[in-house]
Amino acid sequence: MEDRPPADLKDALAVTPLLHLIPKQDFSPFVTSSQLLIRPQEQLMKYDSFDPFIIDNQDELMTQLMAGFGSFLDEDDMSIEFQKRNSSINQNSTTISLPQVERMIYDSNISLKNVSEDRRYGNIQSSIFKNSRLSIRKAYDSNDYQKTSQHNQNYIKKFQREASFAQGANNIYKYDDGEEQSHSTEIRKRTDEHFESNVPNPKRKQETSSQISEISHNEVQKIIEDIESDTPHEDNLPTLIRLHDLILKFRNDQQENNLEVSELSKIERYCHKVLSEDISESLNELISILELESNIEIQNKWDNLNLIAKKISQNFLASRIIMYILNGNENDKSLFLEEYLNLAVTYVSDIVNNLVVPLFLKLNISPILANNLKPFMSTVLGEVNILLNEFSVHISKYEIDEGLLTKLEYLSLLILFTEDQSKDKNSLIMKIQFDALKLEAVKVIVCTFQKYTDQREFILQEVLEGLDKHSDPKVASKFKLPNGSNVNIASLLLIKLIQTKQSTGKVDSLDPTSTESSFTNSCNVAKSIATYLVNNLMNASLAKFRSTTQQLITDILCILFLPEWVGSTLLLSALVSAMVAIQQQFDNSNVENFVIEMFGLIAERVGYLKGTHGTISQLGPFSDLSEIKDFQIQCEVILKYMKSQKRDDQAVPLLFVREKLANYLVSIYKIVNDSPEDLSNKKEIFKNGIQSLRLSDGVDKTESDFDTENVEANGPDAYVGIILAYDLNPIYDSIIEVLMKSLEGQRIKSKSRSIRILSTLIENDSELLIMPKVQSAVSGRLRDSSPLVRDAVIDLISKYMNSKEEYVEQFYVPICECINDSSISVRKRVIRLAKEMYVKLNSISAKVYIANKLLRRLNDEEESLQETSSSFLHQLWFTNVVDSDHPDLLSEKTKESTEVMGKIVTSGSKNLTHFEDFLGKLYSSAAIKDLRSSIIVIVNHSLNIVTEGTDNHSIDGIQRSLKLIATLISVDSSLVDQDQLISLQHFLVDGSIEGDINRMNTLIILRRVIPSIKTFRPSILDSVKTYLLKQLTKFNVRELNEAMPVVWILCEAKGDSVKLANASTSCMKHIKPYIDSKKHAVELKADGKLLKLLHLLGNFGRHCNFEKFRAQFLKSGLGLREKESISSLMMKFLLYFCKPATDDTTRNIAVINVINLCISHPRLFLSDPVVQVFDNEFKTGNIGIVHSIVQGFCEFIKIGGSNKQNSDRHKKSNEEKSKISALHGVAPMSFSDGVCSGLIQRYMDKILHFCLEDDGKVSYLPIQFLQLVLGQGFANIRTCTPTIIALISSQTHIKNIGIDILKEIYEKHESLVQSSLFDGINKSIDYRSRLDPLYYKENSFIPVLYSQINRNHSNRKKFMACLCRHIAISNSENDNQLQYQRNKISYMSYNIAETNFTTLEEPVMIIRAIDEIMIRDGADLKSAIESIGDNNITLKSTLTSQLLLALLSLREYLMNKYSITNEIIELSDTSSLKQNIKPSSLMAFNINHIDSMIDDPVEQSIIASTFLQRIATFI
């Protein structure tokens, strides 16, 4: 088809049909202004609703739509002129296929000159006709153009013929005066002629306008004469219509031909007379009719409806005319009678209060009434809309009485805050129609707020108090802005109030230092709004204002980036500041949670803007000229954008944007002005910029010079950049600060919310996680008491850890600290995360740290976590040890892993033990394949590092490699062969300090490898054996323990073990003189030679079997008897130095070697002399010697357990009994076990006493012994449990050891632990009272203990019964015992108060126990004090008062914490108390007067008085 413009309007509408031009949001003005209210017929009453999609109804629907379209009149249309367009295009347009409704609109082309004059008043009021006069023929084909056109013509003629018989208020009126009608016809004919002109003729236009004006003046004169005549007027409506038409014509006329003041005054008086008639009864009757349900009753009242509609219609016209005159150009005071305006306002107020609002809220209306009255109510709403607009214009132009102003304010607020919560289709007033009233109501409020300063506080208060009606987002009115945002109208009103120009002049002061400006006033309005809303979060019900505040913040965030709503940034800043202040001022969990949630919304939006919009650098006193110029350019772009927006209400936002931009410069100017430095050039630049923004629009170009496309694109972006730099970034930073403080708080919900918000923010700004304050706060929450918080933090970090390596480097330490978490889910997540971090990190020290943490999880109580940790370490260290491309080369991963393992085994005994346990379990696992070959590769690589020397590797690297080899071969000695041993010989002779360490590691390697070699090479037998024999006297104690068994094996292989026998006898001969000296009572002091000899003798006895050299020992004269074993002889030599008279150092060495000898000869442990030595030392209490004994016992038990494990590992299926291997013999396992059990049974109580000796210095080794014997199964659980419970009360790391032990035994021996609780708490009190005199203020013991036994209801109930026993009071006359009891009660009170119980029954049990004490002991003490008086208080009474006050304080605290009432306490049925409870957040528990000077009589009197007051309140 050929492209060409449409030939005429019909052709244009065919291309773009009229229905497509109708706005989807506000459809009512197009379809409701002139619809006809038709008397219901019987067939219509059968339908509940009108279905336009039923074919039979389409004709009727079309008639209603066409009537509405044709009668719609906009006041601005009167100034529109059309002229025909000359076109050479063929006038016969192509027929276009259209839908039926659009086709009927297209085809019914009714010429303006064929439409009745009266149709021009179509928007005044709906018509009400009798059915017989306004029926529409249905028997014609609407698709036939000719029939449709003929029908339309007939319809118009019929209407004109019968208009005079209309009984109701009418859109379509026919004048009774034929002459007046002829005037109208004359005007219409002339107007038609004007439209038919092809070329505009200004002269003809002026003549026509003058003629119309002359005719109109004449017509006004006739109307005035008519209304002043004595002739009664039964119907004022036709006169009012003609007056309205003429007044409106003169109002829109641009010529100087307005009516005279006298004429206008007469018209006002006439309208005043019409409005003076009371219509309240008519409105009440209308409401009563609307409540009818019967169709017959409705039909009987139809005429009454017509009369009421007529009265309402004429009053609207009278009100309109009055407002048109008052708002006209005439300034004569005689026209401005307050009574006129008062009548118009009162009428509109009555209509809204008594008709519009009740009908809007009315739910049940007859469908017939609803369908037929909707056009009438639409017209009413339109009239109210017009009058509200006129009121706002009048407010802006003239002064109004305060009372009348208040009436307008209440009217506008009523409209604004009226909401229809129903969705009834039968409602007479559609929500979208009522929303149009809200817009005009907002306009009235804004105009009043702007002009009347004394009304601002009232308006603001009323608007804020009405906000709660908008709290439900489903009900509150939403308005779509041009950018597509749906925003609450109340939110828009508040921002408009902030943006309102609040100064009298056009611009603010040009002096930048001036403190008074409209911008300052706007800031104060924003602060008032924020303060009101935030304060109501505390002072009123939170649920009421929470949604209100949330909706306001959501609306602000929707329009934050629009320059037209620049006040939103002020309100947002004020809200954030107010919420920060209220959160800091009040400790309220609900408020804190809400504030954090709101801050999350705000920060998320600001973060999004930061990520999607560019920001400009914030100006400062020292900004260079280019930065200042860039700011000015951005301002220019913003102001261009504002001017380019073709909107009626754009002037006020434009002024406000100018002032806000100027305010940025003002703040910097003040800093420059106050600066001591000479910044005169900057000062002048900023000053000029401020004046430029305030004096003009800030835009030099005219509107025609604007590049509209670029302005539309760059304006909002430039605006966002500026508000980000000066407004939003500070808000964002303050929110981050609040979130950080929340993470440091105690509330779990607040911390969880803050973490979730941070996670969302980091999605938009990943750099946020690197900020030191954020990193510190997040890391701190990894140690939070709540597993939910810890898990949330780990989840947050894990999300972003993979994106950047620096995240791993900064968070691997705090994350790995959570690997010991009490929550299994947290530990599982951390273990998996630890593996990922290990792979990503390049730092060896970081890998060592992570690996150590994984090693410790090998003893986790959860078996699945043990397996997971072991599997991860195996994958990280022992897989892919060779390069896949070069099998003969070692992979870089293995080189790195070797270094990591080397650092682990040299980083402490604990880490070494964990690594050895890991290797042992891994090596014995049948599921692990190719592990031995991988370890061989690692051992060989380590040996290469050692043998290459210091040229390529550091000394520390060599030491680590030797230690790693020694550790790896502990699981398999065949990993190192003899050639590799020979390569290590030079480390044995290295005399340097580093050589001592290497020599020790080499000796360990020799000791572990030599026993597995069956045939030795001569080089090893000769060189190694010879060197070791020479160095035996020079080795230190540790080296001697490693070297002696190697020497014995090599000598046995060589066949010259007699040398060691000779060395042993020689050693004893050197010791004998010291023994002889003791026999002669010669005092011996610690002698280095003697100490070395004792160590040699002990190692000879432990590692060598000299029984085959018995004859040699007999001949040596050392006192060996015939049936005495050589080990017994050595024991006698050692026991000489274990006597109490021997100095402590010598005696300690002798005891160590006695145990050394007993380890290889367990029977000696049971000998009386040895037992007597141990008894004496435990009795004496020498800490050093006791430690040596306990250390020896530990070693003996470990060797027995290790040999048992080795025997179990290598036993064959046909063996019936397992055996223990000894270095020089085989002893039955049962015998060694019996010795262990005997030692533990005899000395366990004494060792347990040392476990509670102090907070770790002395007690650490006994506690390790306790762990060991419990793990081996030798200890009595019932005996050990009280001590274990007491360890939990420690304030050092000992607490964690106690918790770990208790966890382990509680899983297996729950009942034994439960039975030991009372003794354990007693022992803990004795333990803490001995170590710290102020122990009674500690509060962590019972909460931790409760968390361990909190498994079920039965366990909790037993525990609470135990606590009740501990707070009981025992009668005592001893002051010391009373003081101990007071401290004990205080200690228990502080701990119980800190415990978070699970069910309500638990604190109620405590309270009931306290009540029993008060009834008994409290009443007795009260009587005793009252009998002797406050001034004669004894120390006993003071102490008893203090402990009873502690219990009363605990009782009050528990009742507040768990919201317990007296009714709950008195309940006999405890089943209702078993529900779970959530404790409230209270201040820390405190006991008053507990630290008072009990010896001071004044303090005694105060304590007694306080007790009497509290006990009286209790009773």
# chains A, B, ... in the order shown; residues from 1 in each chain; ligands from 1
$ select_by_dssp --residues "region 1438-1468 of chain A" --states "alpha helix (DSSP H)" --output "ChimeraX atom specification"
/A:1438-1457,1462-1465
$ write_last_selection --atoms "N, CA, C and O atoms" --output "CSV table (one decimal), in the first residue's frame"
chain,number,residue,atom,x,y,z
A,1438,THR,N,23.2,-9.8,109.3
A,1438,THR,CA,23.6,-9.1,108.0
A,1438,THR,C,23.9,-10.1,106.9
A,1438,THR,O,23.4,-9.9,105.8
A,1439,LEU,N,24.6,-11.1,107.2
A,1439,LEU,CA,25.0,-12.1,106.2
A,1439,LEU,C,23.7,-12.8,105.7
A,1439,LEU,O,23.6,-13.1,104.5
A,1440,THR,N,22.9,-13.2,106.7
A,1440,THR,CA,21.6,-13.9,106.3
A,1440,THR,C,20.8,-12.9,105.4
A,1440,THR,O,20.1,-13.4,104.4
A,1441,SER,N,20.7,-11.7,105.8
A,1441,SER,CA,20.0,-10.7,105.0
A,1441,SER,C,20.5,-10.6,103.5
A,1441,SER,O,19.8,-10.5,102.6
A,1442,GLN,N,21.8,-10.6,103.4
A,1442,GLN,CA,22.4,-10.5,102.1
A,1442,GLN,C,22.1,-11.7,101.2
A,1442,GLN,O,21.8,-11.5,100.0
A,1443,LEU,N,22.2,-12.9,101.8
A,1443,LEU,CA,21.9,-14.1,100.9
A,1443,LEU,C,20.4,-14.1,100.6
A,1443,LEU,O,20.1,-14.6,99.5
A,1444,LEU,N,19.5,-13.7,101.5
A,1444,LEU,CA,18.1,-13.7,101.2
A,1444,LEU,C,17.8,-12.6,100.2
A,1444,LEU,O,16.9,-12.8,99.3
A,1445,LEU,N,18.5,-11.5,100.3
A,1445,LEU,CA,18.3,-10.4,99.2
A,1445,LEU,C,18.8,-10.9,97.9
A,1445,LEU,O,18.2,-10.6,96.8
A,1446,ALA,N,19.8,-11.7,97.8
A,1446,ALA,CA,20.3,-12.3,96.6
A,1446,ALA,C,19.2,-13.2,96.0
A,1446,ALA,O,18.9,-13.1,94.8
A,1447,LEU,N,18.5,-14.0,96.8
A,1447,LEU,CA,17.5,-14.9,96.3
A,1447,LEU,C,16.3,-14.1,95.8
A,1447,LEU,O,15.6,-14.4,94.8
A,1448,LEU,N,15.9,-13.0,96.6
A,1448,LEU,CA,14.8,-12.2,96.2
A,1448,LEU,C,15.1,-11.4,94.8
A,1448,LEU,O,14.2,-11.3,94.0
A,1449,SER,N,16.3,-11.0,94.7
A,1449,SER,CA,16.7,-10.4,93.4
A,1449,SER,C,16.6,-11.4,92.3
A,1449,SER,O,16.2,-11.0,91.2
A,1450,LEU,N,17.1,-12.6,92.5
A,1450,LEU,CA,17.0,-13.6,91.5
A,1450,LEU,C,15.5,-13.9,91.1
A,1450,LEU,O,15.2,-14.1,90.0
A,1451,ARG,N,14.7,-14.0,92.1
A,1451,ARG,CA,13.2,-14.2,91.9
A,1451,ARG,C,12.6,-13.2,91.0
A,1451,ARG,O,11.9,-13.5,90.0
A,1452,GLU,N,12.9,-11.9,91.4
A,1452,GLU,CA,12.3,-10.8,90.6
A,1452,GLU,C,12.9,-10.8,89.1
A,1452,GLU,O,12.1,-10.6,88.2
A,1453,TYR,N,14.1,-11.1,89.0
A,1453,TYR,CA,14.8,-11.1,87.7
A,1453,TYR,C,14.2,-12.2,86.8
A,1453,TYR,O,13.9,-12.0,85.6
A,1454,LEU,N,14.0,-13.4,87.4
A,1454,LEU,CA,13.4,-14.5,86.6
A,1454,LEU,C,12.0,-14.2,86.2
A,1454,LEU,O,11.5,-14.6,85.1
A,1455,MET,N,11.2,-13.6,87.0
A,1455,MET,CA,9.8,-13.3,86.7
A,1455,MET,C,9.7,-12.3,85.6
A,1455,MET,O,8.9,-12.4,84.7
A,1456,ASN,N,10.6,-11.3,85.6
A,1456,ASN,CA,10.7,-10.4,84.5
A,1456,ASN,C,11.2,-11.0,83.2
A,1456,ASN,O,10.7,-10.7,82.1
A,1457,LYS,N,12.2,-11.8,83.3
A,1457,LYS,CA,12.9,-12.4,82.1
A,1457,LYS,C,11.9,-13.3,81.4
A,1457,LYS,O,11.9,-13.3,80.2
A,1462,ASN,N,2.2,-14.3,89.3
A,1462,ASN,CA,1.9,-15.1,90.5
A,1462,ASN,C,0.9,-16.2,90.2
A,1462,ASN,O,1.0,-17.3,90.9
A,1463,GLU,N,0.0,-16.0,89.3
A,1463,GLU,CA,-0.9,-17.1,88.9
A,1463,GLU,C,-0.2,-18.3,88.3
A,1463,GLU,O,-0.6,-19.4,88.6
A,1464,ILE,N,0.8,-18.0,87.5
A,1464,ILE,CA,1.6,-19.1,87.0
A,1464,ILE,C,2.3,-19.9,88.1
A,1464,ILE,O,2.4,-21.1,88.1
A,1465,ILE,N,2.9,-19.2,89.0
A,1465,ILE,CA,3.6,-19.8,90.1
A,1465,ILE,C,2.7,-20.7,90.9
A,1465,ILE,O,3.1,-21.8,91.4
$ atom_distance --atom1 "CA of Lys527 (chain A)" --atom2 "CA of Val576 (chain A)"
10.2 Å
$ atom_distance --atom1 "CA of Val444 (chain A)" --atom2 "CA of Tyr324 (chain A)"
16.7 Å
$ closest_residue --among "A:Ile241, A:Cys1251, A:Met1131, A:Val1046" --to "Leu1060 (chain A)" --atoms "only C-alpha atoms"
A:Val1046
$ atom_distance --atom1 "CA of His941 (chain A)" --atom2 "CA of Glu899 (chain A)"
10.3 Å
$ residues_around --residues "Gln1172 (chain A)" --least-positions-apart "3" --cutoff "12 Å" --atoms "only C-alpha atoms" --output "ChimeraX atom specification"
/A:1135,1138-1140,1151,1164-1169,1175-1179,1242
$ closest_residue --among "A:Lys1436, A:Arg960, A:Arg1330, A:Lys1132" --to "Val1154 (chain A)" --atoms "only C-alpha atoms"
A:Lys1132
$ residues_around --residues "region 397-413 of chain A" --least-positions-apart "5" --cutoff "9 Å" --atoms "only C-alpha atoms" --output "short mmCIF file (atom, residue, chain, number, x, y, z; two decimals) with all heavy atoms, in the first residue's frame"
data_model
loop_
_atom_site.label_atom_id
_atom_site.label_comp_id
_atom_site.auth_asym_id
_atom_site.auth_seq_id
_atom_site.Cartn_x
_atom_site.Cartn_y
_atom_site.Cartn_z
N ASN A 327 -12.42 34.04 41.23
CA ASN A 327 -11.07 33.79 40.72
C ASN A 327 -10.79 34.54 39.43
O ASN A 327 -9.78 34.29 38.77
CB ASN A 327 -10.85 32.29 40.49
CG ASN A 327 -10.83 31.52 41.79
OD1 ASN A 327 -10.56 32.09 42.84
ND2 ASN A 327 -11.13 30.23 41.71
N GLU A 338 -17.19 37.21 51.88
CA GLU A 338 -16.78 35.93 52.45
C GLU A 338 -17.92 34.93 52.44
O GLU A 338 -17.71 33.72 52.34
CB GLU A 338 -16.28 36.16 53.87
CG GLU A 338 -15.72 34.90 54.53
CD GLU A 338 -15.19 35.20 55.91
OE1 GLU A 338 -14.67 36.31 56.12
OE2 GLU A 338 -15.32 34.32 56.76
N LEU A 341 -17.98 32.64 49.21
CA LEU A 341 -17.02 31.53 49.24
C LEU A 341 -17.41 30.49 50.29
O LEU A 341 -17.29 29.28 50.06
CB LEU A 341 -15.61 32.07 49.53
CG LEU A 341 -14.49 31.03 49.64
CD1 LEU A 341 -14.33 30.27 48.32
CD2 LEU A 341 -13.17 31.69 50.03
N ASN A 342 -17.93 30.99 51.41
CA ASN A 342 -18.32 30.08 52.49
C ASN A 342 -19.44 29.16 52.03
O ASN A 342 -19.45 27.96 52.33
CB ASN A 342 -18.76 30.90 53.70
CG ASN A 342 -19.00 30.02 54.91
OD1 ASN A 342 -18.49 28.91 54.99
ND2 ASN A 342 -19.80 30.50 55.85
N VAL A 345 -17.95 26.48 49.64
CA VAL A 345 -17.16 25.49 50.38
C VAL A 345 -18.07 24.61 51.21
O VAL A 345 -17.89 23.37 51.27
CB VAL A 345 -16.12 26.20 51.27
CG1 VAL A 345 -15.42 25.19 52.18
CG2 VAL A 345 -15.09 26.93 50.42
N THR A 346 -19.06 25.23 51.86
CA THR A 346 -19.98 24.45 52.69
C THR A 346 -20.74 23.44 51.86
O THR A 346 -20.95 22.29 52.27
CB THR A 346 -20.94 25.39 53.42
OG1 THR A 346 -20.20 26.32 54.21
CG2 THR A 346 -21.89 24.60 54.31
N VAL A 348 -19.87 22.03 48.94
CA VAL A 348 -18.98 20.92 48.55
C VAL A 348 -18.69 20.02 49.73
O VAL A 348 -18.67 18.79 49.61
CB VAL A 348 -17.67 21.48 47.94
CG1 VAL A 348 -16.69 20.35 47.67
CG2 VAL A 348 -17.96 22.25 46.67
N SER A 349 -18.48 20.62 50.90
CA SER A 349 -18.22 19.82 52.10
C SER A 349 -19.40 18.94 52.43
O SER A 349 -19.24 17.76 52.78
CB SER A 349 -17.89 20.76 53.27
OG SER A 349 -17.63 20.00 54.43
N VAL A 352 -19.59 16.05 49.92
CA VAL A 352 -18.55 15.03 50.15
C VAL A 352 -18.85 14.23 51.41
O VAL A 352 -18.76 13.00 51.42
CB VAL A 352 -17.17 15.71 50.25
CG1 VAL A 352 -16.12 14.71 50.72
CG2 VAL A 352 -16.77 16.31 48.92
N ASN A 353 -19.23 14.93 52.48
CA ASN A 353 -19.46 14.24 53.75
C ASN A 353 -20.71 13.39 53.74
O ASN A 353 -20.72 12.29 54.29
CB ASN A 353 -19.54 15.27 54.89
CG ASN A 353 -18.18 15.75 55.35
OD1 ASN A 353 -17.50 15.08 56.12
ND2 ASN A 353 -17.78 16.92 54.87
N LEU A 388 -12.80 21.89 43.77
CA LEU A 388 -11.57 21.81 44.57
C LEU A 388 -10.42 22.52 43.88
O LEU A 388 -9.60 23.20 44.53
CB LEU A 388 -11.20 20.34 44.83
CG LEU A 388 -12.06 19.59 45.83
CD1 LEU A 388 -11.65 18.12 45.88
CD2 LEU A 388 -11.94 20.20 47.23
N PHE A 391 -10.92 26.14 44.43
CA PHE A 391 -10.55 26.52 45.80
C PHE A 391 -9.04 26.69 45.93
O PHE A 391 -8.56 27.62 46.59
CB PHE A 391 -11.04 25.45 46.78
CG PHE A 391 -12.53 25.34 46.88
CD1 PHE A 391 -13.14 24.16 47.28
CD2 PHE A 391 -13.35 26.42 46.57
CE1 PHE A 391 -14.51 24.05 47.37
CE2 PHE A 391 -14.74 26.33 46.65
CZ PHE A 391 -15.31 25.14 47.05
N SER A 392 -8.28 25.75 45.34
CA SER A 392 -6.81 25.86 45.44
C SER A 392 -6.31 27.11 44.73
O SER A 392 -5.38 27.78 45.20
CB SER A 392 -6.16 24.60 44.87
OG SER A 392 -6.48 24.45 43.49
N THR A 418 -9.73 8.80 52.96
CA THR A 418 -10.87 7.88 52.84
C THR A 418 -10.47 6.77 51.87
O THR A 418 -10.09 7.04 50.73
CB THR A 418 -12.12 8.61 52.33
OG1 THR A 418 -12.48 9.62 53.28
CG2 THR A 418 -13.26 7.63 52.15
N LEU A 437 -10.23 12.81 42.99
CA LEU A 437 -10.50 13.80 44.03
C LEU A 437 -9.29 13.98 44.94
O LEU A 437 -9.00 15.08 45.41
CB LEU A 437 -11.71 13.38 44.87
CG LEU A 437 -13.08 13.41 44.21
CD1 LEU A 437 -14.15 13.08 45.24
CD2 LEU A 437 -13.36 14.76 43.58
N LYS A 438 -8.62 12.89 45.23
CA LYS A 438 -7.45 12.95 46.11
C LYS A 438 -6.39 13.89 45.53
O LYS A 438 -5.73 14.63 46.28
CB LYS A 438 -6.87 11.55 46.32
CG LYS A 438 -7.75 10.62 47.13
CD LYS A 438 -7.08 9.25 47.26
CE LYS A 438 -7.99 8.27 48.00
NZ LYS A 438 -8.02 8.55 49.44
N GLU A 440 -6.81 16.50 43.67
CA GLU A 440 -7.20 17.89 43.90
C GLU A 440 -7.12 18.26 45.37
O GLU A 440 -6.79 19.39 45.74
CB GLU A 440 -8.62 18.12 43.37
CG GLU A 440 -8.74 18.04 41.86
CD GLU A 440 -7.86 19.05 41.14
OE1 GLU A 440 -7.60 20.13 41.70
OE2 GLU A 440 -7.42 18.74 40.03
N ALA A 441 -7.43 17.29 46.25
CA ALA A 441 -7.31 17.55 47.68
C ALA A 441 -5.87 17.83 48.06
O ALA A 441 -5.57 18.71 48.87
CB ALA A 441 -7.86 16.36 48.47
N VAL A 442 -4.95 17.09 47.46
CA VAL A 442 -3.52 17.33 47.69
C VAL A 442 -3.15 18.74 47.25
O VAL A 442 -2.39 19.45 47.92
CB VAL A 442 -2.67 16.28 46.95
CG1 VAL A 442 -1.21 16.70 46.88
CG2 VAL A 442 -2.81 14.92 47.61
N LYS A 443 -3.71 19.16 46.13
CA LYS A 443 -3.41 20.50 45.63
C LYS A 443 -3.87 21.57 46.61
O LYS A 443 -3.16 22.55 46.86
CB LYS A 443 -4.08 20.68 44.27
CG LYS A 443 -3.67 21.94 43.53
CD LYS A 443 -4.28 21.96 42.15
CE LYS A 443 -3.88 23.22 41.39
NZ LYS A 443 -4.47 23.27 40.04
N VAL A 444 -5.05 21.39 47.19
CA VAL A 444 -5.56 22.34 48.18
C VAL A 444 -4.63 22.39 49.40
O VAL A 444 -4.28 23.46 49.91
CB VAL A 444 -6.99 21.97 48.60
CG1 VAL A 444 -7.46 22.82 49.77
CG2 VAL A 444 -7.94 22.11 47.42
N ILE A 445 -4.22 21.22 49.88
CA ILE A 445 -3.35 21.15 51.06
C ILE A 445 -2.01 21.82 50.79
O ILE A 445 -1.50 22.59 51.62
CB ILE A 445 -3.16 19.69 51.49
CG1 ILE A 445 -4.49 19.09 51.95
CG2 ILE A 445 -2.11 19.58 52.59
CD1 ILE A 445 -4.43 17.60 52.22
N THR A 448 -2.35 25.63 50.62
CA THR A 448 -2.51 26.19 51.97
C THR A 448 -1.20 26.15 52.74
O THR A 448 -0.83 27.11 53.42
CB THR A 448 -3.59 25.39 52.72
OG1 THR A 448 -4.78 25.34 51.94
CG2 THR A 448 -3.88 26.02 54.06
N GLN A 455 -0.49 27.74 59.43
CA GLN A 455 -1.24 26.50 59.25
C GLN A 455 -0.34 25.29 59.03
O GLN A 455 -0.82 24.16 58.99
CB GLN A 455 -2.18 26.63 58.04
CG GLN A 455 -3.27 27.66 58.21
CD GLN A 455 -4.31 27.24 59.23
OE1 GLN A 455 -4.67 26.07 59.32
NE2 GLN A 455 -4.80 28.20 60.00
N ILE A 459 -1.35 21.36 59.56
CA ILE A 459 -1.49 20.50 58.37
C ILE A 459 -0.56 19.30 58.49
O ILE A 459 -0.96 18.15 58.24
CB ILE A 459 -1.19 21.30 57.10
CG1 ILE A 459 -2.30 22.33 56.85
CG2 ILE A 459 -1.04 20.38 55.89
CD1 ILE A 459 -2.01 23.25 55.69
N GLU A 462 -1.87 16.79 61.04
CA GLU A 462 -3.05 16.07 60.58
C GLU A 462 -2.69 15.04 59.51
O GLU A 462 -3.22 13.91 59.51
CB GLU A 462 -4.08 17.05 60.04
CG GLU A 462 -4.74 17.92 61.10
CD GLU A 462 -5.57 17.11 62.06
OE1 GLU A 462 -6.19 16.13 61.63
OE2 GLU A 462 -5.58 17.45 63.26
N VAL A 463 -1.81 15.41 58.61
CA VAL A 463 -1.41 14.47 57.56
C VAL A 463 -0.69 13.27 58.16
O VAL A 463 -0.94 12.11 57.79
CB VAL A 463 -0.52 15.17 56.52
CG1 VAL A 463 0.07 14.16 55.55
CG2 VAL A 463 -1.31 16.22 55.77
N GLY A 466 -3.00 10.91 59.95
CA GLY A 466 -3.84 10.14 59.04
C GLY A 466 -3.10 9.08 58.27
O GLY A 466 -3.72 8.30 57.54
#
$ residues_around --residues "Ser1128 (chain A)" --least-positions-apart "4" --cutoff "12 Å" --atoms "only C-alpha atoms" --output "list in words"
Gly1098, Gly1101, Arg1102, Phe1106, Glu1107, Leu1118, Gly1119, Leu1120, Arg1121, Glu1122, Lys1123, Glu1124, Lys1132, Phe1133, Leu1134, Leu1135, Val1154, Leu1157, Cys1158, His1161, Pro1162, Arg1163, Leu1164, Phe1165, Ser1167, Pro1169 and Val1170 of chain A
$ residues_around --residues "Ile553 (chain A)" --least-positions-apart "5" --cutoff "9 Å" --atoms "only C-alpha atoms" --output "short mmCIF file (atom, residue, chain, number, x, y, z; two decimals) with N, CA, C and O atoms, in the first residue's frame"
data_model
loop_
_atom_site.label_atom_id
_atom_site.label_comp_id
_atom_site.auth_asym_id
_atom_site.auth_seq_id
_atom_site.Cartn_x
_atom_site.Cartn_y
_atom_site.Cartn_z
N SER A 491 2.52 9.67 50.50
CA SER A 491 3.97 9.86 50.40
C SER A 491 4.30 11.03 49.48
O SER A 491 5.17 11.85 49.79
N THR A 548 3.22 1.69 57.81
CA THR A 548 3.17 3.06 57.32
C THR A 548 4.56 3.58 56.98
O THR A 548 4.79 4.11 55.90
N CYS A 558 11.41 4.54 45.38
CA CYS A 558 10.93 4.45 43.99
C CYS A 558 11.20 5.74 43.21
O CYS A 558 11.38 5.70 41.99
N LEU A 572 14.52 11.10 53.20
CA LEU A 572 15.25 9.87 53.46
C LEU A 572 16.38 10.11 54.46
O LEU A 572 16.58 9.32 55.39
N LEU A 575 14.85 10.50 57.90
CA LEU A 575 14.38 9.23 58.44
C LEU A 575 15.52 8.36 58.94
O LEU A 575 15.45 7.76 60.01
N MET A 598 14.48 -1.84 57.55
CA MET A 598 14.34 -0.66 56.71
C MET A 598 15.69 -0.22 56.15
O MET A 598 15.80 0.18 54.98
N LEU A 601 16.49 -2.19 53.10
CA LEU A 601 15.84 -1.71 51.87
C LEU A 601 16.55 -0.49 51.30
O LEU A 601 16.80 -0.38 50.10
N ILE A 602 16.89 0.45 52.21
CA ILE A 602 17.52 1.69 51.76
C ILE A 602 18.91 1.40 51.19
O ILE A 602 19.26 1.87 50.10
#
